[in-house]
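> The structure file structure02.txt (compact mmCIF, C-alpha atoms and all ligand atoms) is provided below.
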# COMPACT_ATOMS: atom_id res chain seq x y z
CA MET C 1 0.00 0.00 0.00
CA SER C 2 1.35 3.39 -0.94
CA ASN C 3 1.89 6.02 1.70
CA LEU C 4 -0.83 8.09 0.06
CA ARG C 5 -3.26 5.20 0.37
CA LYS C 6 -2.25 4.60 3.98
CA THR C 7 -2.90 8.24 4.76
CA ALA C 8 -6.27 8.10 3.03
CA LEU C 9 -7.22 4.98 4.96
CA PHE C 10 -6.11 6.58 8.21
CA LEU C 11 -8.20 9.67 7.52
CA LEU C 12 -11.17 7.47 6.65
CA LEU C 13 -10.83 5.59 9.93
CA LEU C 14 -10.53 8.87 11.80
CA MET C 15 -13.77 10.11 10.25
CA PHE C 16 -15.59 7.08 11.60
CA ALA C 17 -13.78 7.09 14.92
CA ILE C 18 -14.88 10.59 15.92
CA PRO C 19 -18.64 10.03 15.68
CA ILE C 20 -18.27 6.74 17.58
CA GLY C 21 -16.33 8.51 20.30
CA GLN C 22 -19.07 11.13 20.56
CA ALA C 23 -21.76 8.47 20.77
CA LEU C 24 -19.99 6.85 23.71
CA ALA C 25 -19.81 10.13 25.58
CA ALA C 26 -23.40 11.05 24.74
CA GLU C 27 -25.14 13.55 26.91
CA LEU C 28 -28.60 14.97 26.87
CA VAL C 29 -30.26 18.08 28.20
CA VAL C 30 -33.96 17.75 29.05
CA TYR C 31 -36.46 20.48 29.84
CA SER C 32 -39.29 18.92 31.82
CA ALA C 33 -42.67 20.12 33.02
CA ARG C 34 -43.08 16.70 34.56
CA LYS C 35 -41.96 16.93 38.18
CA GLU C 36 -38.43 16.02 39.19
CA HIS C 37 -39.37 13.10 41.43
CA LEU C 38 -41.22 11.48 38.51
CA ILE C 39 -38.41 11.77 35.95
CA LYS C 40 -35.21 11.47 37.98
CA PRO C 41 -35.44 7.68 38.49
CA LEU C 42 -35.90 7.27 34.71
CA PHE C 43 -32.88 9.40 33.92
CA GLU C 44 -30.77 7.46 36.39
CA ALA C 45 -31.90 4.11 34.96
CA TYR C 46 -31.09 5.28 31.44
CA THR C 47 -27.66 6.58 32.41
CA GLN C 48 -26.89 3.30 34.14
CA GLU C 49 -27.96 1.30 31.09
CA THR C 50 -26.38 3.39 28.34
CA GLY C 51 -23.82 5.71 29.91
CA THR C 52 -25.66 8.72 28.50
CA GLU C 53 -25.51 11.55 31.01
CA ILE C 54 -28.74 13.52 31.39
CA THR C 55 -28.97 16.99 32.82
CA TYR C 56 -32.35 18.60 33.25
CA VAL C 57 -34.33 21.68 34.12
CA THR C 58 -37.85 21.45 35.54
CA ASP C 59 -40.46 24.21 35.43
CA LYS C 60 -44.10 24.67 34.52
CA ALA C 61 -45.12 24.02 30.90
CA GLY C 62 -45.67 27.70 29.98
CA PRO C 63 -42.33 29.08 31.19
CA LEU C 64 -40.41 26.16 29.63
CA LEU C 65 -42.00 26.86 26.24
CA GLN C 66 -41.21 30.59 26.56
CA ARG C 67 -37.64 29.73 27.47
CA LEU C 68 -37.24 27.43 24.45
CA LYS C 69 -38.61 30.15 22.19
CA ALA C 70 -36.35 32.81 23.69
CA GLU C 71 -33.25 30.61 23.47
CA GLY C 72 -33.93 29.68 19.84
CA LYS C 73 -30.90 28.16 18.17
CA ASN C 74 -28.81 28.66 21.31
CA THR C 75 -30.87 26.35 23.49
CA ARG C 76 -29.06 23.57 25.30
CA ALA C 77 -32.27 21.52 25.46
CA ASP C 78 -32.45 18.37 23.36
CA LEU C 79 -35.78 17.10 24.61
CA LEU C 80 -38.94 18.71 26.00
CA ILE C 81 -41.09 16.64 28.36
CA THR C 82 -44.44 18.17 29.23
CA VAL C 83 -47.94 17.29 30.37
CA ASP C 84 -51.16 17.46 28.36
CA ALA C 85 -51.49 17.14 24.60
CA GLY C 86 -52.64 20.78 24.56
CA ASN C 87 -49.18 21.86 25.76
CA LEU C 88 -47.37 19.46 23.42
CA TRP C 89 -49.41 20.78 20.50
CA HIS C 90 -48.51 24.37 21.46
CA ALA C 91 -44.82 23.53 21.56
CA ALA C 92 -45.08 22.03 18.07
CA ASN C 93 -47.16 24.96 16.84
CA GLU C 94 -44.57 27.44 18.17
CA GLY C 95 -41.91 25.62 16.15
CA VAL C 96 -39.66 24.53 19.02
CA LEU C 97 -39.91 20.79 18.22
CA GLN C 98 -38.64 18.73 15.30
CA LYS C 99 -40.20 15.92 13.32
CA VAL C 100 -38.99 12.48 14.36
CA ASP C 101 -39.51 9.55 12.03
CA SER C 102 -39.03 6.48 14.16
CA ASN C 103 -40.48 3.03 13.52
CA VAL C 104 -39.94 2.24 17.19
CA LEU C 105 -42.05 5.20 18.37
CA ASN C 106 -44.70 4.55 15.73
CA ALA C 107 -44.97 0.96 16.94
CA ASN C 108 -44.92 1.74 20.68
CA VAL C 109 -47.21 4.78 20.80
CA PRO C 110 -50.77 4.41 19.45
CA ALA C 111 -51.53 6.83 16.59
CA ASN C 112 -54.15 8.84 18.52
CA LEU C 113 -51.64 9.51 21.33
CA ARG C 114 -48.98 11.13 19.15
CA ASP C 115 -48.72 14.08 16.80
CA PRO C 116 -49.86 13.20 13.25
CA ASN C 117 -46.78 15.21 12.14
CA ASN C 118 -44.45 13.30 14.51
CA ASN C 119 -43.38 16.36 16.52
CA TRP C 120 -44.43 14.83 19.86
CA PHE C 121 -45.27 11.45 21.37
CA GLY C 122 -47.44 10.55 24.35
CA LEU C 123 -45.54 8.53 26.96
CA SER C 124 -48.05 8.03 29.76
CA LEU C 125 -51.82 8.12 29.70
CA ARG C 126 -54.26 9.58 32.21
CA ALA C 127 -58.03 9.36 32.03
CA ARG C 128 -60.14 12.43 32.83
CA THR C 129 -63.17 10.68 34.18
CA ILE C 130 -66.12 10.95 36.56
CA VAL C 131 -65.62 10.62 40.33
CA TYR C 132 -68.58 10.26 42.66
CA SER C 133 -69.51 10.10 46.32
CA THR C 134 -70.06 6.45 47.28
CA GLU C 135 -72.33 7.72 50.08
CA ARG C 136 -74.76 9.68 47.91
CA VAL C 137 -74.45 8.25 44.39
CA THR C 138 -74.74 4.76 42.90
CA PRO C 139 -72.87 3.99 39.66
CA GLU C 140 -76.20 3.02 38.04
CA GLU C 141 -77.18 6.71 38.15
CA LEU C 142 -74.21 7.66 35.99
CA SER C 143 -73.76 7.16 32.24
CA THR C 144 -71.95 9.87 30.25
CA TYR C 145 -70.12 13.21 30.54
CA GLU C 146 -73.06 14.72 28.66
CA ALA C 147 -75.55 13.39 31.24
CA LEU C 148 -73.83 15.34 34.04
CA GLY C 149 -75.92 18.21 32.66
CA ASP C 150 -79.20 16.40 33.42
CA ASP C 151 -81.59 17.77 36.07
CA VAL C 152 -80.81 14.92 38.45
CA TRP C 153 -77.32 16.49 39.01
CA ASN C 154 -78.62 20.00 39.66
CA LYS C 155 -76.58 21.62 42.46
CA ARG C 156 -74.60 18.35 42.76
CA LEU C 157 -71.85 18.78 40.12
CA LEU C 158 -68.37 20.15 40.97
CA LEU C 159 -65.72 21.16 38.44
CA ARG C 160 -62.15 22.39 38.41
CA THR C 161 -61.47 25.82 36.91
CA SER C 162 -61.68 26.25 33.12
CA LYS C 163 -58.27 27.98 33.30
CA LYS C 164 -56.51 24.63 33.61
CA VAL C 165 -55.33 23.05 30.37
CA TYR C 166 -56.86 19.70 31.41
CA ASN C 167 -60.38 21.11 31.11
CA GLN C 168 -59.51 23.08 28.00
CA SER C 169 -58.39 19.81 26.42
CA LEU C 170 -61.50 18.01 27.68
CA VAL C 171 -63.81 20.61 26.10
CA ALA C 172 -61.68 20.73 22.92
CA MET C 173 -62.19 16.97 22.60
CA LEU C 174 -65.95 17.44 23.15
CA ILE C 175 -65.93 19.92 20.26
CA ALA C 176 -64.02 17.40 18.12
CA GLU C 177 -66.59 14.71 18.92
CA HIS C 178 -69.84 16.67 18.82
CA GLY C 179 -69.19 19.91 16.98
CA GLU C 180 -69.18 23.33 18.60
CA LYS C 181 -72.96 23.78 19.05
CA LYS C 182 -73.56 20.51 20.89
CA ALA C 183 -70.37 20.96 22.95
CA ALA C 184 -71.59 24.41 24.04
CA GLU C 185 -74.91 22.92 25.14
CA ILE C 186 -73.12 20.28 27.19
CA VAL C 187 -70.86 22.81 28.95
CA GLU C 188 -73.81 25.16 29.59
CA SER C 189 -75.75 22.30 31.16
CA TRP C 190 -72.78 21.54 33.43
CA VAL C 191 -72.50 25.16 34.52
CA ALA C 192 -76.23 25.19 35.31
CA ASN C 193 -75.73 22.16 37.59
CA LEU C 194 -72.71 23.47 39.54
CA ALA C 195 -73.05 23.17 43.30
CA ALA C 196 -70.12 25.54 43.94
CA ALA C 197 -67.74 27.82 42.05
CA PRO C 198 -65.01 25.87 40.18
CA PHE C 199 -62.02 24.76 42.27
CA SER C 200 -58.34 25.48 41.63
CA ASN C 201 -57.34 21.82 41.34
CA ASP C 202 -58.61 18.25 41.08
CA THR C 203 -57.74 17.35 44.67
CA LYS C 204 -59.71 20.28 46.11
CA THR C 205 -62.62 19.32 43.85
CA MET C 206 -62.67 15.79 45.33
CA GLU C 207 -62.23 17.10 48.87
CA ALA C 208 -65.32 19.23 48.28
CA ILE C 209 -67.29 16.06 47.46
CA LEU C 210 -66.01 14.52 50.71
CA ALA C 211 -67.11 17.68 52.55
CA GLY C 212 -70.60 17.29 51.09
CA GLN C 213 -70.48 20.35 48.81
CA GLY C 214 -71.37 18.25 45.78
CA ASP C 215 -71.72 14.61 44.68
CA VAL C 216 -69.97 14.19 41.31
CA ALA C 217 -66.99 15.71 39.50
CA ILE C 218 -64.55 15.20 36.62
CA VAL C 219 -60.91 14.53 37.54
CA ASN C 220 -57.68 12.92 36.35
CA THR C 221 -57.31 9.38 37.59
CA TYR C 222 -53.94 9.83 39.32
CA TYR C 223 -55.26 12.57 41.63
CA PHE C 224 -57.92 10.10 42.75
CA GLY C 225 -55.11 7.54 43.21
CA ARG C 226 -53.15 9.90 45.45
CA LEU C 227 -56.16 10.54 47.70
CA LEU C 228 -56.92 6.81 47.85
CA LYS C 229 -53.34 6.04 48.85
CA LYS C 230 -53.61 8.47 51.76
CA ASN C 231 -57.01 7.16 52.77
CA PRO C 232 -57.92 3.59 51.73
CA ASP C 233 -61.46 4.13 53.08
CA LEU C 234 -62.05 7.04 50.73
CA LYS C 235 -65.78 7.58 50.18
CA LEU C 236 -65.18 8.23 46.48
CA ALA C 237 -65.06 6.00 43.40
CA LEU C 238 -64.23 6.41 39.73
CA TYR C 239 -66.82 5.87 37.03
CA TRP C 240 -65.99 5.17 33.37
CA PRO C 241 -68.49 7.12 31.25
CA ASN C 242 -69.45 6.90 27.57
CA GLN C 243 -68.71 3.18 27.35
CA ASN C 244 -71.43 2.72 24.72
CA SER C 245 -70.33 5.73 22.70
CA THR C 246 -67.17 7.83 22.51
CA GLY C 247 -65.22 6.30 25.40
CA VAL C 248 -63.46 7.88 28.36
CA HIS C 249 -61.51 11.08 27.73
CA VAL C 250 -57.81 10.43 27.97
CA ASN C 251 -54.77 12.65 27.77
CA VAL C 252 -51.02 12.13 27.94
CA SER C 253 -47.78 13.40 29.26
CA GLY C 254 -45.26 13.20 26.48
CA ALA C 255 -42.16 14.55 24.82
CA GLY C 256 -40.61 15.88 21.65
CA VAL C 257 -37.08 16.45 20.39
CA THR C 258 -36.31 20.17 20.27
CA LYS C 259 -35.85 21.83 16.90
CA TYR C 260 -32.29 22.93 17.70
CA ALA C 261 -31.19 19.87 19.67
CA LYS C 262 -27.41 19.46 19.67
CA ASN C 263 -27.80 15.75 20.37
CA SER C 264 -30.89 14.88 18.41
CA GLU C 265 -29.81 11.32 17.70
CA ALA C 266 -29.29 10.65 21.39
CA ALA C 267 -32.60 12.38 22.15
CA ILE C 268 -34.47 10.13 19.72
CA LYS C 269 -32.83 7.04 21.24
CA PHE C 270 -33.91 8.16 24.71
CA LEU C 271 -37.44 8.87 23.51
CA GLU C 272 -37.59 5.39 21.96
CA TRP C 273 -36.36 3.92 25.23
CA LEU C 274 -39.04 5.81 27.18
CA SER C 275 -41.72 4.20 24.99
CA SER C 276 -40.21 0.73 25.34
CA GLU C 277 -41.59 -2.10 27.44
CA LYS C 278 -38.77 -1.82 29.93
CA ALA C 279 -39.24 1.90 30.64
CA GLN C 280 -43.00 2.33 30.34
CA ASN C 281 -43.81 1.11 33.83
CA LEU C 282 -41.09 3.30 35.33
CA PHE C 283 -42.60 6.28 33.54
CA ALA C 284 -46.29 5.60 34.18
CA ASP C 285 -46.30 3.93 37.60
CA ALA C 286 -44.44 6.79 39.31
CA ASN C 287 -47.54 8.96 38.81
CA MET C 288 -50.17 6.18 38.91
CA GLU C 289 -50.80 6.59 35.18
CA TYR C 290 -51.30 4.08 32.36
CA PRO C 291 -48.54 3.08 29.94
CA VAL C 292 -49.22 4.23 26.36
CA ASN C 293 -47.48 1.15 24.95
CA PRO C 294 -50.28 -1.40 24.48
CA ASN C 295 -47.89 -4.26 25.29
CA VAL C 296 -47.35 -2.97 28.82
CA GLU C 297 -49.83 -3.42 31.65
CA ALA C 298 -50.63 -0.78 34.22
CA HIS C 299 -49.53 -1.22 37.82
CA GLU C 300 -51.80 -3.50 39.92
CA TYR C 301 -52.83 -0.50 42.02
CA VAL C 302 -54.06 1.36 38.93
CA LYS C 303 -55.63 -1.75 37.39
CA ALA C 304 -57.77 -2.11 40.52
CA TRP C 305 -59.76 0.96 39.43
CA GLY C 306 -61.20 -1.13 36.58
CA THR C 307 -60.84 -1.33 32.82
CA PHE C 308 -62.49 1.00 30.35
CA LYS C 309 -62.89 1.87 26.71
CA ALA C 310 -60.93 5.06 25.98
CA SER C 311 -61.70 7.67 23.33
CA ASP C 312 -59.64 7.07 20.19
CA GLN C 313 -59.96 10.66 18.97
CA ASN C 314 -56.54 12.04 18.05
CA LEU C 315 -55.17 14.14 20.91
CA ALA C 316 -53.82 16.73 18.49
CA ASP C 317 -57.41 18.02 18.48
CA ALA C 318 -56.92 19.06 22.12
CA GLY C 319 -54.40 21.63 20.92
CA ALA C 320 -55.94 22.57 17.60
CA LEU C 321 -59.32 23.31 19.21
CA GLN C 322 -58.01 24.75 22.48
CA SER C 323 -58.72 28.41 21.72
CA ASP C 324 -62.24 27.48 20.56
CA ALA C 325 -62.70 25.57 23.82
CA ILE C 326 -61.55 28.54 25.93
CA LYS C 327 -63.97 30.88 24.15
CA LEU C 328 -66.79 28.35 24.44
CA MET C 329 -66.26 27.93 28.20
CA ASP C 330 -66.16 31.68 28.64
CA ARG C 331 -69.43 32.15 26.76
CA ALA C 332 -71.00 29.35 28.82
CA GLY C 333 -70.03 31.14 32.03
CA TYR C 334 -67.64 28.37 33.08
CA ARG C 335 -64.97 30.20 35.09
FE FE A 401 -51.73 16.93 36.91
Spell out the structure here as structure tokens.

Amino acid sequence: MSNLRKTALFLLLLMFAIPIGQALAAELVVYSARKEHLIKPLFEAYTQETGTEITYVTDKAGPLLQRLKAEGKNTRADLLITVDAGNLWHAANEGVLQKVDSNVLNANVPANLRDPNNNWFGLSLRARTIVYSTERVTPEELSTYEALGDDVWNKRLLLRTSKKVYNQSLVAMLIAEHGEKKAAEIVESWVANLAAAPFSNDTKTMEAILAGQGDVAIVNTYYFGRLLKKNPDLKLALYWPNQNSTGVHVNVSGAGVTKYAKNSEAAIKFLEWLSSEKAQNLFADANMEYPVNPNVEAHEYVKAWGTFKASDQNLADAGALQSDAIKLMDRAGYR
């Protein structure tokens, strides 16, 4: 081999060697609206398995999105983890996420729980369902979200504030299912049945049922789980509505690779790992949620609340129809 050829071969090897070296020393920066105690064990497990170091910042969804926008190309964030499809949709709409084409993610995350444009992927699922007083309500009296507007629930219904994205997404999904006119009628009928002004969070809403202020409400399953863990004799139970029609309203926490990620390949690998069978329980169980991956079962504790048919409406609608939902709730007098 000539010296020239040797040099060329050496340079060729060097070209391959550098990317491999980088892959070994991979690191990731994550911005997370999911709380630290829920994500830290996952990051540690991933670092242990792959050697990839993960640094992270946690904050609320709004400020993290503003920060990503302000940082633009200079952001250090490779991955954004946030809660509610409404927030994920906003991040995509603001252009801070990038499209990820991954067969692994497409196989692990059902189509309705991810962005049709592949900018974000649901990673854990929560149901926003009916909760009722076991002292004053029997499950036979309940049927659908829509029926919470019936006269029988007058001055018995409690709701969380319409300012929270969870209810904005819920109403956006009602618009997607029924159209704006019917959705408005449903929300108006709820407002007419309210037993008290809307509460600031799901836990307070359930505590108000326990205090006798009302008998039924709509909450995320994991908040019910937290109360039940504190008090196994809780005089509340979950009800799965719309089982003969649209199914229970579900939402996700999820993630997307940032548009200007410095380590996008490593970020995609981590995202794929989060959707995998081995990580799904770590991700979901920490917050008493359901895995999105259909091959993974929920924790026994969560399974004890019963099985249900979930809505298969694409969650991107929760974002696309969010501003319509906010206006609709305002017109209906839902504060
Ligand atoms: Fe929450």
> Between C:Asn220, C:Asn103, C:Gln243, C:Ser323, which one has atoms that come closest to ligand FE 401 (chain A), using only C-alpha atoms and all ligand atoms?
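Once distances to ligand FE 401 (chain A) are computed over only C-alpha atoms and all ligand atoms, the minimum belongs to C:Asn220.
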> So what do you get for CA of Asp151 in chain C versus CA of Leu174 in chain C, distance-wise?
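A separation of 20.3 Å between them.
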> List all protein, DNA and RNA residues that have any atom at most 9 Å from ligand FE 401 (chain A), counting only C-alpha atoms and all ligand atoms, and write the list as a PyMOL selection string.
chain C and resi 34+83-84+166+201-202+220+222-223
> Between C:Leu274, C:Ile326, C:Ala261, C:Ala147, which one has atoms that come closest to Gly122 in chain C, using only C-alpha atoms?
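Looking at the shortest contact to Gly122 in chain C, the residue is C:Leu274.
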> Identify, on the basis of all atoms listed in the file, every residue whose closest approach to range 64-68 of chain C does not exceed 8 Å; exclude the query and any residue fewer than 5 positions from it along the same chain; express the result as a ChimeraX atom specification.
/C:31-33,58-59,75,77,91,96
> C:Leu125, C:Val292, C:Glu146, C:Glu141: which is nearest Lys182 in chain C, counting all atoms listed in the file?
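Of C:Leu125, C:Val292, C:Glu146, C:Glu141, the one nearest Lys182 in chain C is C:Glu146, counting all atoms listed in the file.
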> To one decimal place in Å, what is the distance between CA of Gly254 in chain C and CA of Ile81 in chain C?
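Computing the Euclidean distance for CA of Gly254 in chain C and CA of Ile81 in chain C yields 5.7 Å.
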> Would you mind reading off the distance between CA of Leu105 in chain C and CA of Val165 in chain C, one decimal, in Å?
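CA of Leu105 in chain C sits 25.3 Å away from CA of Val165 in chain C.
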> What residues have an atom no more than 9 Å from (-46.2, -2.9, 26.3) in the file's own frame, counting all atoms listed in the file, and can you write them as a compact mmCIF listing (two decimals) with C-alpha atoms, keeping the file's coordinate frame?

# COMPACT_ATOMS: atom_id res chain seq x y z
CA ASN C 108 -44.92 1.74 20.68
CA SER C 275 -41.72 4.20 24.99
CA SER C 276 -40.21 0.73 25.34
CA GLU C 277 -41.59 -2.10 27.44
CA LYS C 278 -38.77 -1.82 29.93
CA GLN C 280 -43.00 2.33 30.34
CA ASN C 281 -43.81 1.11 33.83
CA PRO C 291 -48.54 3.08 29.94
CA VAL C 292 -49.22 4.23 26.36
CA ASN C 293 -47.48 1.15 24.95
CA PRO C 294 -50.28 -1.40 24.48
CA ASN C 295 -47.89 -4.26 25.29
CA VAL C 296 -47.35 -2.97 28.82
CA GLU C 297 -49.83 -3.42 31.65
> Compare C:Val302, C:Met329, C:Leu38, C:Leu321 by their minimum atom-to-atom distance to Ile186 in chain C, counting all atoms listed in the file, and give me the closest one.
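Answer, going by the shortest atom-to-atom distance: C:Met329.
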